[in-house]
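This report refers to the structure that appears directly beneath it.
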Amino acid sequence: MKQQPVIGFILVLIAVLMWGTLPIILQPVLPYIDNQTVVWCRFFVAAIGAYLILFMGKKRAFLAQLKRQHIILILLGIIGLSANFLLYNLTLKYIPATVSQVLSPLSSFFMLICGIFIFKEKLLIHQKIGLTILLIGLALFFNDRFADFSHVNSFSLGIFFCVSSSIVWVVYAVAQKFLLRNFTSQQILFAMYLGCTLVFLPVAKPAQLLHLAPITLLFLFYACIGTILAYGCYAEALNRWDISKISMIMPLIPIVTILFSFIFAWLLPHNFSYPNLNLLSYIGAGVVVFGSFFSSAGYRFIKKR
């Protein structure tokens, strides 16, 4: 497809805004509806959206193209994505959205490790530097929380769920990378969303939706639509813009989360709270973002010898 940098930039910006605000929006929902039902709702709406995109794009069903190895990869992707959503929702019950998003670049580095061992990619110098900077940033960000890691409490439990969600996401990402050799991103997403919807159907309780306040329903609806927009816009951005340039924007997600945490707390103080971070934590968040950015685009600043 012909490069469309303006459209690509707009699409990736929408994805960043969605991924940055989703954890904030979900936190006031989780006290009133169980975790499994929230995840089921998001996948159910996403599956419908992905099907409509396929239908409007006149994409043929890929059932006839499926082989045994494809089915295994799809099942692995469904397991990884289901576990990722479930663990991340559990994360938001124990730690603030800002903390969870500062840890989000870990997914990229776990994927990087898989790239080295599975896809035989090399760990380049700028990626090593970026990883080091990111780890320093995380240490700064958690400067006043080191005591929480020495024993099990709600905060350390939330960190455990968050890191675990990043690890299992890699299972989905690796499966998708293999499937992209034979199928489009829209086809893969539809299969994954539909499979995840079926996984959570036996434990979901849709009747809980009837007892939610209108404002909580609105937050849940935003989270469901945000899932479609984030993944859909990101996939389309990859078709219209260079992945290196997209990677330079993705590290902004934690900054978006911190910014909108203040905005939402100011607009709706009864539903959202201000981030409880000290100055060193804010500096650490910035260092994490820079480390993630450098690992993606640092090669531009390091001359080849």
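How things are named: the first chain in the structure tokens is A, the next is B, and so on; residues count from 1 in each chain; ligands count from 1 in the order shown.
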Leaving out Tyr32 (chain A) and any residue of its chain fewer than 4 positions from it, which residues lie within 9 Å of it when counting only C-alpha atoms, given as a CSV table (one decimal) with N, CA and C atoms, in the first residue's frame?
chain,number,residue,atom,x,y,z
A,28,PRO,N,-13.1,2.9,37.4
A,28,PRO,CA,-14.3,3.1,38.2
A,28,PRO,C,-15.4,2.1,37.8
A,208,GLN,N,-25.4,-8.4,35.1
A,208,GLN,CA,-24.9,-7.3,35.9
A,208,GLN,C,-25.0,-6.0,35.3
A,211,HIS,N,-27.7,-3.5,36.3
A,211,HIS,CA,-27.7,-2.8,37.6
A,211,HIS,C,-26.7,-1.7,37.6
A,212,LEU,N,-26.0,-1.4,36.5
A,212,LEU,CA,-25.0,-0.4,36.5
A,212,LEU,C,-25.6,1.0,36.3
A,216,THR,N,-21.5,4.6,34.7
A,216,THR,CA,-20.7,3.4,34.6
A,216,THR,C,-20.8,2.7,33.3
Quick one: everything within 9 Å of Cys162 (chain A), counting only C-alpha atoms, minus sequence neighbours fewer than 6 positions away in the same chain. Send it as a list in words. Asn84, Leu87, Tyr88, Asn89, Leu90, Thr91, Leu92, Ser100, Leu103 and Ser104 of chain A
So, counting only C-alpha atoms, which residue among A:Leu280, A:Leu52, A:Leu106, A:Val289 is closest to Phe141 (chain A)?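 Checking each candidate against Phe141 (chain A), we get A:Leu280 as the closest.
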Counting only C-alpha atoms, which residues of region 39-137 of chain A sit at most 10 Å from some atom of region 251-275 of chain A, and what is each one's closest atom pair with its distance in Å to one decimal, listed by chain and rising residue number, as a tab-separated table?
residue	atom	partner	partner_atom	distance
A:Pro96	CA	A:Pro275	CA	7.5
A:Ala97	CA	A:Thr257	CA	7.1
A:Thr98	CA	A:Ile258	CA	5.6
A:Val99	CA	A:Pro254	CA	8.5
A:Ser100	CA	A:Pro254	CA	8.5
A:Gln101	CA	A:Pro254	CA	5.0
A:Val102	CA	A:Pro254	CA	5.3
A:Leu103	CA	A:Pro254	CA	8.4
A:Ser104	CA	A:Pro254	CA	7.7
A:Pro105	CA	A:Pro251	CA	7.3
With the cut-off set at 9 Å and counting only C-alpha atoms, tabulate each residue of region 49-109 of chain A with an atom at most that distance from an atom of region 171-193 of chain A, showing the nearest atom pair and its distance in Å to one decimal, ordered by chain and increasing number, as a Markdown table.
| residue | atom | partner | partner_atom | distance |
| --- | --- | --- | --- | --- |
| A:Gly49 | CA | A:Phe190 | CA | 8.4 |
| A:Ala50 | CA | A:Phe190 | CA | 5.2 |
| A:Tyr51 | CA | A:Phe190 | CA | 6.2 |
| A:Ile53 | CA | A:Gln186 | CA | 7.5 |
| A:Leu54 | CA | A:Gln186 | CA | 6.6 |
| A:Lys59 | CA | A:Gln187 | CA | 8.2 |
| A:Arg60 | CA | A:Gln187 | CA | 9.0 |
| A:Ala61 | CA | A:Gln187 | CA | 7.8 |
| A:Phe62 | CA | A:Gln187 | CA | 7.4 |
| A:Gln65 | CA | A:Asn182 | CA | 8.6 |
| A:His70 | CA | A:Leu179 | CA | 6.8 |
| A:Ile72 | CA | A:Ala175 | CA | 8.9 |
| A:Leu73 | CA | A:Ala175 | CA | 5.2 |
| A:Ile74 | CA | A:Met192 | CA | 6.8 |
| A:Leu75 | CA | A:Met192 | CA | 8.1 |
| A:Leu76 | CA | A:Ala175 | CA | 6.6 |
| A:Gly77 | CA | A:Tyr172 | CA | 3.9 |
| A:Ile78 | CA | A:Met192 | CA | 5.3 |
| A:Ile79 | CA | A:Tyr172 | CA | 7.4 |
| A:Gly80 | CA | A:Tyr172 | CA | 4.7 |
| A:Leu81 | CA | A:Tyr172 | CA | 5.5 |
| A:Ser82 | CA | A:Met192 | CA | 8.9 |
| A:Asn84 | CA | A:Tyr172 | CA | 8.7 |
Would you please work out which residue, of A:Phe117, A:Phe142, A:Phe155, A:Phe160, is nearest to Val288 (chain A) when using only C-alpha atoms?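 Between A:Phe117, A:Phe142, A:Phe155, A:Phe160, the residue approaching Val288 (chain A) most closely is A:Phe142.
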For Leu22 (chain A), the nearest of the candidates A:Val163, A:Phe294, A:Ala235, A:Ala230, counting only C-alpha atoms: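 Among A:Val163, A:Phe294, A:Ala235, A:Ala230, it is A:Ala230 that comes nearest to Leu22 (chain A).
Closest approach to Leu112 (chain A) from the set A:Tyr234, A:Val170, A:Gly137, A:Gly286 is made by A:Val170, with distances taken over only C-alpha atoms.
Look at Cys233 (chain A): the protein and nucleic acid residues within 10 Å of it, using only C-alpha atoms and passing over chain neighbours fewer than 4 places away, are Gly8, Ile10, Leu11, Val12, Leu13, Ile14, Ala15, Val16, Met18, Thr227, Ile228, Leu229, Ala237, Leu238 and Asn239 of chain A.
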